Amino acid sequence: GKHMDINNLNRELSNEANKILFDKGLMGVLSEFGETFITGSYYFDLMTWRDLDIYVRNNDMKKEEFCLMGGKLAKILNPHKMNFRDEKLLKRGKPKGLYWGIYSDILETHTWKIDIYVVGNQEYEELINGAKYLKKKMDKEIIDTILKIKYH
């Protein structure tokens, strides 16, 4: 039934994500710049879309260094689109840091959207503690509900 499809989809997308993160070298590049935490539906094991949300801890990254990171990411991901934002200046309730929004067909089947936030120590701690707290709270019933909402 429908539910099995969702589990299969999650597994398929997680496998694709792992190819990008580990085989294609995304984690390798990111970890050069700081401790890295993959959050979002990958972390919660609830993947229904081809997207990745990643936090990198780097307490005082300058924009020049962030652009250098962008160059390294462009080299391995061959993106057709990359957006830069400084969410510290924009102040819109997003993680307070530097953001790359990357659109890539690296696996040559479907477009992946990869969101990368480089944030300072305090912000990083708050974000990952929030994610860990949420993951602890998520029982079977909540997960089923989330999947139904996301899937319909």
# chains A, B, ... in the order shown; residues from 1 in each chain; ligands from 1

call {"tool": "select_by_dssp", "arguments": {"residues": "chain A", "states": "alpha helix (DSSP H)", "output": "ChimeraX atom specification"}}
result
/A:2-18,26-31,40-44,63-77,87-90,121-137,140-151

call {"tool": "residues_around", "arguments": {"residues": "Tyr55 in chain A", "least_positions_apart": "3", "cutoff": "9 Å", "atoms": "only C-alpha atoms", "output": "list in words"}}
result
Glu35, Thr36, Phe37, Ile38, Thr39, Asp115, Ile116, Tyr117, Val118, Val119, Tyr124, Leu127 and Ile128 of chain A

call {"tool": "write_last_selection", "arguments": {"atoms": "all heavy atoms", "output": "short mmCIF file (atom, residue, chain, number, x, y, z; two decimals), in the first residue's frame"}}
result
data_model
loop_
_atom_site.label_atom_id
_atom_site.label_comp_id
_atom_site.auth_asym_id
_atom_site.auth_seq_id
_atom_site.Cartn_x
_atom_site.Cartn_y
_atom_site.Cartn_z
N GLU A 35 32.97 21.33 11.87
CA GLU A 35 32.13 20.18 12.24
C GLU A 35 30.82 20.29 11.46
O GLU A 35 30.27 21.37 11.28
CB GLU A 35 31.87 20.23 13.74
CG GLU A 35 31.10 19.06 14.28
CD GLU A 35 30.76 19.26 15.77
OE1 GLU A 35 31.56 19.89 16.49
OE2 GLU A 35 29.69 18.78 16.17
N THR A 36 30.31 19.14 11.01
CA THR A 36 29.18 19.13 10.08
C THR A 36 28.04 18.28 10.63
O THR A 36 28.28 17.20 11.18
CB THR A 36 29.66 18.56 8.73
OG1 THR A 36 30.71 19.40 8.24
CG2 THR A 36 28.55 18.55 7.71
N PHE A 37 26.82 18.77 10.48
CA PHE A 37 25.64 18.05 10.95
C PHE A 37 24.60 18.02 9.83
O PHE A 37 24.16 19.07 9.36
CB PHE A 37 25.06 18.74 12.19
CG PHE A 37 23.90 18.02 12.83
CD1 PHE A 37 24.12 16.93 13.66
CD2 PHE A 37 22.60 18.45 12.61
CE1 PHE A 37 23.05 16.28 14.27
CE2 PHE A 37 21.53 17.79 13.20
CZ PHE A 37 21.76 16.71 14.03
N ILE A 38 24.24 16.82 9.40
CA ILE A 38 23.20 16.68 8.36
C ILE A 38 21.86 16.59 9.09
O ILE A 38 21.64 15.69 9.89
CB ILE A 38 23.40 15.41 7.53
CG1 ILE A 38 24.83 15.36 6.99
CG2 ILE A 38 22.38 15.35 6.39
CD1 ILE A 38 25.28 13.97 6.58
N THR A 39 20.98 17.54 8.83
CA THR A 39 19.72 17.61 9.56
C THR A 39 18.55 17.31 8.61
O THR A 39 18.71 16.55 7.65
CB THR A 39 19.60 18.99 10.25
OG1 THR A 39 18.41 19.02 11.03
CG2 THR A 39 19.59 20.14 9.25
N ASP A 115 20.93 22.54 0.85
CA ASP A 115 21.00 23.76 1.64
C ASP A 115 22.11 23.63 2.66
O ASP A 115 22.09 22.69 3.48
CB ASP A 115 19.68 24.00 2.38
CG ASP A 115 18.55 24.38 1.43
OD1 ASP A 115 18.84 24.94 0.35
OD2 ASP A 115 17.38 24.13 1.76
N ILE A 116 23.05 24.56 2.62
CA ILE A 116 24.18 24.52 3.54
C ILE A 116 24.24 25.84 4.31
O ILE A 116 24.27 26.92 3.71
CB ILE A 116 25.50 24.30 2.78
CG1 ILE A 116 25.47 22.92 2.10
CG2 ILE A 116 26.71 24.41 3.73
CD1 ILE A 116 26.51 22.73 1.02
N TYR A 117 24.20 25.73 5.64
CA TYR A 117 24.33 26.90 6.50
C TYR A 117 25.62 26.79 7.30
O TYR A 117 25.82 25.80 8.00
CB TYR A 117 23.18 26.99 7.51
CG TYR A 117 21.86 27.43 6.93
CD1 TYR A 117 20.93 26.49 6.48
CD2 TYR A 117 21.52 28.78 6.85
CE1 TYR A 117 19.70 26.89 5.97
CE2 TYR A 117 20.29 29.18 6.35
CZ TYR A 117 19.39 28.23 5.91
OH TYR A 117 18.17 28.63 5.41
N VAL A 118 26.47 27.80 7.20
CA VAL A 118 27.64 27.88 8.08
C VAL A 118 27.27 28.83 9.21
O VAL A 118 26.92 29.99 8.97
CB VAL A 118 28.89 28.38 7.32
CG1 VAL A 118 30.05 28.56 8.29
CG2 VAL A 118 29.27 27.39 6.23
N VAL A 119 27.32 28.32 10.44
CA VAL A 119 26.86 29.09 11.60
C VAL A 119 27.91 29.06 12.71
O VAL A 119 28.78 28.18 12.73
CB VAL A 119 25.52 28.54 12.14
CG1 VAL A 119 24.40 28.74 11.12
CG2 VAL A 119 25.63 27.08 12.52
N TYR A 124 24.98 26.79 16.20
CA TYR A 124 25.16 25.38 15.85
C TYR A 124 24.63 24.48 16.97
O TYR A 124 23.86 23.55 16.72
CB TYR A 124 26.64 25.11 15.58
CG TYR A 124 26.96 23.71 15.11
CD1 TYR A 124 26.91 23.37 13.76
CD2 TYR A 124 27.35 22.72 16.01
CE1 TYR A 124 27.22 22.10 13.32
CE2 TYR A 124 27.68 21.44 15.58
CZ TYR A 124 27.61 21.13 14.23
OH TYR A 124 27.92 19.86 13.81
N LEU A 127 20.83 24.60 17.11
CA LEU A 127 20.20 23.91 15.98
C LEU A 127 20.28 22.39 16.14
O LEU A 127 19.28 21.69 15.95
CB LEU A 127 20.86 24.33 14.67
CG LEU A 127 20.56 25.75 14.17
CD1 LEU A 127 21.54 26.16 13.09
CD2 LEU A 127 19.13 25.86 13.68
N ILE A 128 21.48 21.87 16.51
CA ILE A 128 21.56 20.42 16.59
C ILE A 128 20.86 19.88 17.84
O ILE A 128 20.26 18.82 17.79
CB ILE A 128 23.00 19.85 16.44
CG1 ILE A 128 23.88 20.15 17.63
CG2 ILE A 128 23.66 20.33 15.16
CD1 ILE A 128 25.17 19.34 17.59
#

call {"tool": "select_by_dssp", "arguments": {"residues": "range 7-140 of chain A", "states": "strand (DSSP E or B)", "output": "CSV table (one decimal) with N, CA, C and O atoms, in the first residue's frame"}}
result
chain,number,residue,atom,x,y,z
A,35,GLU,N,33.0,21.3,11.9
A,35,GLU,CA,32.1,20.2,12.2
A,35,GLU,C,30.8,20.3,11.5
A,35,GLU,O,30.3,21.4,11.3
A,36,THR,N,30.3,19.1,11.0
A,36,THR,CA,29.2,19.1,10.1
A,36,THR,C,28.0,18.3,10.6
A,36,THR,O,28.3,17.2,11.2
A,37,PHE,N,26.8,18.8,10.5
A,37,PHE,CA,25.6,18.0,11.0
A,37,PHE,C,24.6,18.0,9.8
A,37,PHE,O,24.2,19.1,9.4
A,38,ILE,N,24.2,16.8,9.4
A,38,ILE,CA,23.2,16.7,8.4
A,38,ILE,C,21.9,16.6,9.1
A,38,ILE,O,21.6,15.7,9.9
A,39,THR,N,21.0,17.5,8.8
A,39,THR,CA,19.7,17.6,9.6
A,39,THR,C,18.6,17.3,8.6
A,39,THR,O,18.7,16.6,7.7
A,51,ASP,N,16.2,16.6,-1.2
A,51,ASP,CA,16.8,17.8,-0.6
A,51,ASP,C,17.6,17.4,0.6
A,51,ASP,O,17.3,16.4,1.3
A,52,LEU,N,18.7,18.1,0.8
A,52,LEU,CA,19.6,17.9,2.0
A,52,LEU,C,19.7,19.2,2.7
A,52,LEU,O,19.9,20.3,2.1
A,53,ASP,N,19.7,19.2,4.0
A,53,ASP,CA,19.9,20.4,4.9
A,53,ASP,C,21.1,20.1,5.8
A,53,ASP,O,21.1,19.1,6.5
A,54,ILE,N,22.1,21.0,5.7
A,54,ILE,CA,23.4,20.7,6.4
A,54,ILE,C,23.8,21.9,7.1
A,54,ILE,O,23.8,23.0,6.6
A,55,TYR,N,24.3,21.7,8.4
A,55,TYR,CA,24.9,22.8,9.2
A,55,TYR,C,26.4,22.6,9.3
A,55,TYR,O,26.8,21.4,9.5
A,56,VAL,N,27.1,23.6,9.2
A,56,VAL,CA,28.6,23.5,9.4
A,56,VAL,C,28.9,24.5,10.5
A,56,VAL,O,28.5,25.7,10.4
A,57,ARG,N,29.7,24.1,11.5
A,57,ARG,CA,30.1,24.9,12.6
A,57,ARG,C,31.4,25.6,12.2
A,57,ARG,O,32.4,25.0,12.0
A,79,PRO,N,26.9,22.2,-10.1
A,79,PRO,CA,25.5,22.7,-10.0
A,79,PRO,C,25.1,23.5,-11.2
A,79,PRO,O,25.9,24.1,-11.9
A,80,HIS,N,23.7,23.6,-11.5
A,80,HIS,CA,23.2,24.5,-12.5
A,80,HIS,C,22.8,25.8,-11.9
A,80,HIS,O,22.5,26.8,-12.5
A,81,LYS,N,22.7,25.8,-10.5
A,81,LYS,CA,22.3,27.0,-9.8
A,81,LYS,C,22.9,27.0,-8.4
A,81,LYS,O,22.9,26.0,-7.7
A,82,MET,N,23.4,28.1,-8.0
A,82,MET,CA,23.8,28.3,-6.6
A,82,MET,C,23.4,29.7,-6.1
A,82,MET,O,23.7,30.7,-6.7
A,83,ASN,N,22.7,29.7,-5.0
A,83,ASN,CA,22.3,31.0,-4.3
A,83,ASN,C,23.2,31.2,-3.1
A,83,ASN,O,23.3,30.3,-2.2
A,84,PHE,N,23.7,32.4,-2.9
A,84,PHE,CA,24.3,32.8,-1.7
A,84,PHE,C,23.4,33.8,-0.9
A,84,PHE,O,22.8,34.6,-1.5
A,85,ARG,N,23.4,33.6,0.4
A,85,ARG,CA,22.7,34.6,1.3
A,85,ARG,C,23.5,34.7,2.5
A,85,ARG,O,24.1,33.8,3.0
A,86,ASP,N,23.4,35.9,3.1
A,86,ASP,CA,23.9,36.2,4.4
A,86,ASP,C,22.8,36.4,5.3
A,86,ASP,O,22.2,37.5,5.4
A,97,GLY,N,23.5,32.7,9.7
A,97,GLY,CA,24.8,32.3,9.1
A,97,GLY,C,24.8,32.6,7.7
A,97,GLY,O,24.0,33.3,7.1
A,98,LEU,N,25.8,32.0,7.0
A,98,LEU,CA,26.0,32.1,5.6
A,98,LEU,C,25.4,30.9,4.9
A,98,LEU,O,25.6,29.8,5.4
A,99,TYR,N,24.7,31.1,3.8
A,99,TYR,CA,23.9,30.1,3.2
A,99,TYR,C,24.3,29.9,1.7
A,99,TYR,O,24.4,30.9,1.0
A,100,TRP,N,24.5,28.6,1.4
A,100,TRP,CA,24.5,28.2,0.0
A,100,TRP,C,23.3,27.4,-0.3
A,100,TRP,O,23.0,26.4,0.4
A,101,GLY,N,22.5,27.8,-1.3
A,101,GLY,CA,21.4,26.9,-1.8
A,101,GLY,C,21.9,26.4,-3.2
A,101,GLY,O,22.1,27.2,-4.1
A,102,ILE,N,22.1,25.1,-3.3
A,102,ILE,CA,22.7,24.5,-4.5
A,102,ILE,C,21.7,23.6,-5.2
A,102,ILE,O,21.0,22.8,-4.5
A,103,TYR,N,21.6,23.7,-6.5
A,103,TYR,CA,20.8,22.8,-7.3
A,103,TYR,C,21.7,22.0,-8.2
A,103,TYR,O,22.4,22.6,-9.0
A,104,SER,N,21.7,20.7,-8.1
A,104,SER,CA,22.6,19.9,-8.8
A,104,SER,C,22.0,18.6,-9.4
A,104,SER,O,21.2,18.0,-8.7
A,112,TRP,N,18.9,17.5,-7.2
A,112,TRP,CA,18.9,17.6,-5.8
A,112,TRP,C,19.1,19.1,-5.4
A,112,TRP,O,19.9,19.8,-6.0
A,113,LYS,N,18.4,19.4,-4.3
A,113,LYS,CA,18.6,20.8,-3.7
A,113,LYS,C,19.3,20.6,-2.4
A,113,LYS,O,18.9,19.8,-1.6
A,114,ILE,N,20.4,21.3,-2.3
A,114,ILE,CA,21.3,21.1,-1.1
A,114,ILE,C,21.4,22.5,-0.4
A,114,ILE,O,21.9,23.4,-1.0
A,115,ASP,N,20.9,22.5,0.8
A,115,ASP,CA,21.0,23.8,1.6
A,115,ASP,C,22.1,23.6,2.7
A,115,ASP,O,22.1,22.7,3.5
A,116,ILE,N,23.0,24.6,2.6
A,116,ILE,CA,24.2,24.5,3.5
A,116,ILE,C,24.2,25.8,4.3
A,116,ILE,O,24.3,26.9,3.7
A,117,TYR,N,24.2,25.7,5.6
A,117,TYR,CA,24.3,26.9,6.5
A,117,TYR,C,25.6,26.8,7.3
A,117,TYR,O,25.8,25.8,8.0
A,118,VAL,N,26.5,27.8,7.2
A,118,VAL,CA,27.6,27.9,8.1
A,118,VAL,C,27.3,28.8,9.2
A,118,VAL,O,26.9,30.0,9.0
A,119,VAL,N,27.3,28.3,10.4
A,119,VAL,CA,26.9,29.1,11.6
A,119,VAL,C,27.9,29.1,12.7
A,119,VAL,O,28.8,28.2,12.7

call {"tool": "atom_distance", "arguments": {"atom1": "CA of Ile76 in chain A", "atom2": "CA of Lys62 in chain A"}}
result
21.8 Å

call {"tool": "residues_around", "arguments": {"residues": "Lys150 in chain A", "least_positions_apart": "4", "cutoff": "9 Å", "atoms": "only C-alpha atoms", "output": "list of chain:residue names"}}
result
A:Thr48, A:Thr145, A:Ile146

call {"tool": "closest_residue", "arguments": {"among": "A:Glu126, A:Asp5, A:Glu16, A:Glu141", "to": "Thr109 in chain A", "atoms": "only C-alpha atoms"}}
result
A:Glu16

call {"tool": "closest_residue", "arguments": {"among": "A:Lys132, A:Lys63, A:Lys75, A:Arg50", "to": "Thr111 in chain A", "atoms": "only C-alpha atoms"}}
result
A:Arg50

call {"tool": "atom_distance", "arguments": {"atom1": "CA of Glu32 in chain A", "atom2": "CA of Ala17 in chain A"}}
result
19.4 Å

call {"tool": "closest_residue", "arguments": {"among": "A:Gly130, A:Ile106, A:Leu147, A:Met61", "to": "Ser41 in chain A", "atoms": "only C-alpha atoms"}}
result
A:Leu147

call {"tool": "residues_around", "arguments": {"residues": "range 7-12 of chain A", "least_positions_apart": "6", "cutoff": "12 Å", "atoms": "only C-alpha atoms", "output": "CSV table (one decimal) with all heavy atoms, in the first residue's frame"}}
result
chain,number,residue,atom,x,y,z
A,1,GLY,N,0.8,-1.2,0.0
A,1,GLY,CA,0.0,0.0,0.0
A,1,GLY,C,0.9,1.3,0.0
A,1,GLY,O,2.1,1.2,-0.2
A,18,ASN,N,23.4,9.5,0.4
A,18,ASN,CA,24.7,9.0,0.8
A,18,ASN,C,25.7,9.0,-0.3
A,18,ASN,O,26.9,9.2,-0.1
A,18,ASN,CB,24.5,7.5,1.4
A,18,ASN,CG,23.9,7.6,2.7
A,18,ASN,OD1,24.0,8.5,3.5
A,18,ASN,ND2,23.2,6.5,3.1
A,19,LYS,N,25.3,8.7,-1.6
A,19,LYS,CA,26.2,8.8,-2.7
A,19,LYS,C,26.8,10.2,-2.8
A,19,LYS,O,28.0,10.4,-3.0
A,19,LYS,CB,25.5,8.4,-4.0
A,19,LYS,CG,25.4,6.9,-4.2
A,19,LYS,CD,24.8,6.6,-5.6
A,19,LYS,CE,24.5,5.2,-5.7
A,19,LYS,NZ,23.2,4.9,-6.4
A,41,SER,N,15.1,16.0,6.7
A,41,SER,CA,14.5,14.7,6.6
A,41,SER,C,15.5,13.5,6.5
A,41,SER,O,15.1,12.4,6.8
A,41,SER,CB,13.6,14.7,5.4
A,41,SER,OG,14.3,15.1,4.2
A,42,TYR,N,16.7,13.8,6.1
A,42,TYR,CA,17.8,12.8,6.1
A,42,TYR,C,18.0,12.3,7.6
A,42,TYR,O,18.0,11.1,7.8
A,42,TYR,CB,19.0,13.4,5.5
A,42,TYR,CG,20.2,12.4,5.5
A,42,TYR,CD1,20.5,11.6,4.4
A,42,TYR,CD2,21.1,12.3,6.6
A,42,TYR,CE1,21.5,10.7,4.4
A,42,TYR,CE2,22.2,11.5,6.5
A,42,TYR,CZ,22.4,10.7,5.5
A,42,TYR,OH,23.5,9.8,5.4
A,43,TYR,N,18.1,13.3,8.4
A,43,TYR,CA,18.4,13.0,9.9
A,43,TYR,C,17.2,12.2,10.5
A,43,TYR,O,17.4,11.3,11.3
A,43,TYR,CB,18.7,14.3,10.6
A,43,TYR,CG,18.9,14.1,12.1
A,43,TYR,CD1,20.1,13.5,12.6
A,43,TYR,CD2,18.1,14.7,13.0
A,43,TYR,CE1,20.3,13.3,13.9
A,43,TYR,CE2,18.3,14.6,14.4
A,43,TYR,CZ,19.4,13.9,14.8
A,43,TYR,OH,19.6,13.8,16.2
A,44,PHE,N,16.0,12.7,10.1
A,44,PHE,CA,14.8,12.1,10.7
A,44,PHE,C,14.4,10.8,10.0
A,44,PHE,O,13.4,10.1,10.4
A,44,PHE,CB,13.7,13.1,10.8
A,44,PHE,CG,14.0,14.3,11.6
A,44,PHE,CD1,14.1,15.5,11.1
A,44,PHE,CD2,14.1,14.1,13.0
A,44,PHE,CE1,14.4,16.6,11.9
A,44,PHE,CE2,14.4,15.2,13.8
A,44,PHE,CZ,14.5,16.5,13.2
A,45,ASP,N,15.1,10.4,9.0
A,45,ASP,CA,14.8,9.2,8.2
A,45,ASP,C,13.4,9.3,7.6
A,45,ASP,O,12.6,8.3,7.6
A,45,ASP,CB,14.9,8.0,9.1
A,45,ASP,CG,15.5,6.8,8.3
A,45,ASP,OD1,16.2,7.0,7.3
A,45,ASP,OD2,15.3,5.7,8.8
A,46,LEU,N,13.1,10.5,7.0
A,46,LEU,CA,11.8,10.7,6.5
A,46,LEU,C,11.9,11.4,5.1
A,46,LEU,O,11.2,12.3,4.8
A,46,LEU,CB,11.0,11.7,7.4
A,46,LEU,CG,10.6,11.2,8.8
A,46,LEU,CD1,10.1,12.4,9.6
A,46,LEU,CD2,9.5,10.2,8.7
A,47,MET,N,12.7,10.9,4.3
A,47,MET,CA,13.0,11.5,3.0
A,47,MET,C,11.9,11.3,2.0
A,47,MET,O,11.6,10.1,1.7
A,47,MET,CB,14.3,11.1,2.4
A,47,MET,CG,15.5,11.5,3.3
A,47,MET,SD,17.1,11.5,2.4
A,47,MET,CE,17.0,13.1,1.6
A,48,THR,N,11.2,12.4,1.5
A,48,THR,CA,10.3,12.2,0.4
A,48,THR,C,10.6,13.1,-0.7
A,48,THR,O,10.0,13.1,-1.8
A,48,THR,CB,8.8,12.6,0.9
A,48,THR,OG1,8.9,13.9,1.5
A,48,THR,CG2,8.3,11.6,1.9
A,49,TRP,N,11.6,14.0,-0.6
A,49,TRP,CA,12.0,14.9,-1.6
A,49,TRP,C,13.5,14.8,-1.7
A,49,TRP,O,14.2,14.5,-0.8
A,49,TRP,CB,11.7,16.4,-1.3
A,49,TRP,CG,10.3,16.6,-0.9
A,49,TRP,CD1,9.8,17.0,0.3
A,49,TRP,CD2,9.1,16.5,-1.7
A,49,TRP,NE1,8.5,17.0,0.3
A,49,TRP,CE2,8.0,16.7,-0.9
A,49,TRP,CE3,8.9,16.1,-3.1
A,49,TRP,CZ2,6.7,16.7,-1.4
A,49,TRP,CZ3,7.6,16.1,-3.5
A,49,TRP,CH2,6.5,16.4,-2.7
A,50,ARG,N,14.1,15.2,-2.9
A,50,ARG,CA,15.5,15.2,-3.0
A,50,ARG,C,16.1,16.5,-2.5
A,50,ARG,O,16.5,17.4,-3.2
A,50,ARG,CB,15.9,15.0,-4.5
A,50,ARG,CG,15.7,13.6,-4.9
A,50,ARG,CD,15.9,13.3,-6.4
A,50,ARG,NE,15.9,11.9,-6.7
A,50,ARG,CZ,14.8,11.2,-6.9
A,50,ARG,NH1,13.6,11.8,-6.9
A,50,ARG,NH2,14.9,9.9,-7.1
A,51,ASP,N,16.2,16.6,-1.2
A,51,ASP,CA,16.8,17.8,-0.6
A,51,ASP,C,17.6,17.4,0.6
A,51,ASP,O,17.3,16.4,1.3
A,51,ASP,CB,15.8,18.9,-0.3
A,51,ASP,CG,14.7,18.5,0.6
A,51,ASP,OD1,14.9,17.5,1.4
A,51,ASP,OD2,13.7,19.2,0.6
A,143,ILE,N,5.6,9.9,13.2
A,143,ILE,CA,6.3,9.7,11.9
A,143,ILE,C,5.2,9.4,10.8
A,143,ILE,O,5.3,10.0,9.8
A,143,ILE,CB,7.3,8.6,12.0
A,143,ILE,CG1,8.5,9.1,12.9
A,143,ILE,CG2,7.8,8.1,10.7
A,143,ILE,CD1,9.5,8.1,13.3
A,144,ASP,N,4.3,8.5,11.1
A,144,ASP,CA,3.2,8.2,10.2
A,144,ASP,C,2.5,9.4,9.8
A,144,ASP,O,2.2,9.7,8.6
A,144,ASP,CB,2.2,7.2,10.8
A,144,ASP,CG,2.8,5.8,10.8
A,144,ASP,OD1,3.9,5.6,10.2
A,144,ASP,OD2,2.2,4.9,11.4
A,147,LEU,N,4.6,11.7,7.5
A,147,LEU,CA,4.7,11.1,6.2
A,147,LEU,C,3.4,11.3,5.4
A,147,LEU,O,3.5,11.7,4.2
A,147,LEU,CB,5.1,9.7,6.2
A,147,LEU,CG,6.6,9.4,6.6
A,147,LEU,CD1,6.8,7.9,6.8
A,147,LEU,CD2,7.5,9.9,5.5
A,148,LYS,N,2.3,11.2,6.0
A,148,LYS,CA,1.0,11.4,5.3
A,148,LYS,C,0.9,12.8,4.9
A,148,LYS,O,0.5,13.1,3.7
A,148,LYS,CB,-0.1,11.0,6.3
A,148,LYS,CG,-0.4,9.5,6.4
A,148,LYS,CD,-1.7,9.2,7.0
A,148,LYS,CE,-1.9,7.7,7.3
A,148,LYS,NZ,-1.3,7.4,8.6
A,150,LYS,N,3.4,15.0,4.3
A,150,LYS,CA,4.4,15.3,3.3
A,150,LYS,C,4.0,14.7,2.0
A,150,LYS,O,4.3,15.2,0.9
A,150,LYS,CB,5.8,14.8,3.7
A,150,LYS,CG,6.4,15.6,4.8
A,150,LYS,CD,7.8,15.0,5.1
A,150,LYS,CE,8.8,15.3,4.0
A,150,LYS,NZ,10.2,15.2,4.4
A,151,TYR,N,3.4,13.5,2.0
A,151,TYR,CA,3.2,12.7,0.9
A,151,TYR,C,2.0,13.1,0.1
A,151,TYR,O,1.9,12.8,-1.1
A,151,TYR,CB,3.2,11.2,1.2
A,151,TYR,CG,3.7,10.3,0.2
A,151,TYR,CD1,4.9,10.6,-0.5
A,151,TYR,CD2,3.0,9.2,-0.2
A,151,TYR,CE1,5.4,9.8,-1.4
A,151,TYR,CE2,3.6,8.3,-1.2
A,151,TYR,CZ,4.7,8.6,-1.8
A,151,TYR,OH,5.2,7.8,-2.8

call {"tool": "atom_distance", "arguments": {"atom1": "CA of Asp60 in chain A", "atom2": "CA of Leu77 in chain A"}}
result
25.1 Å
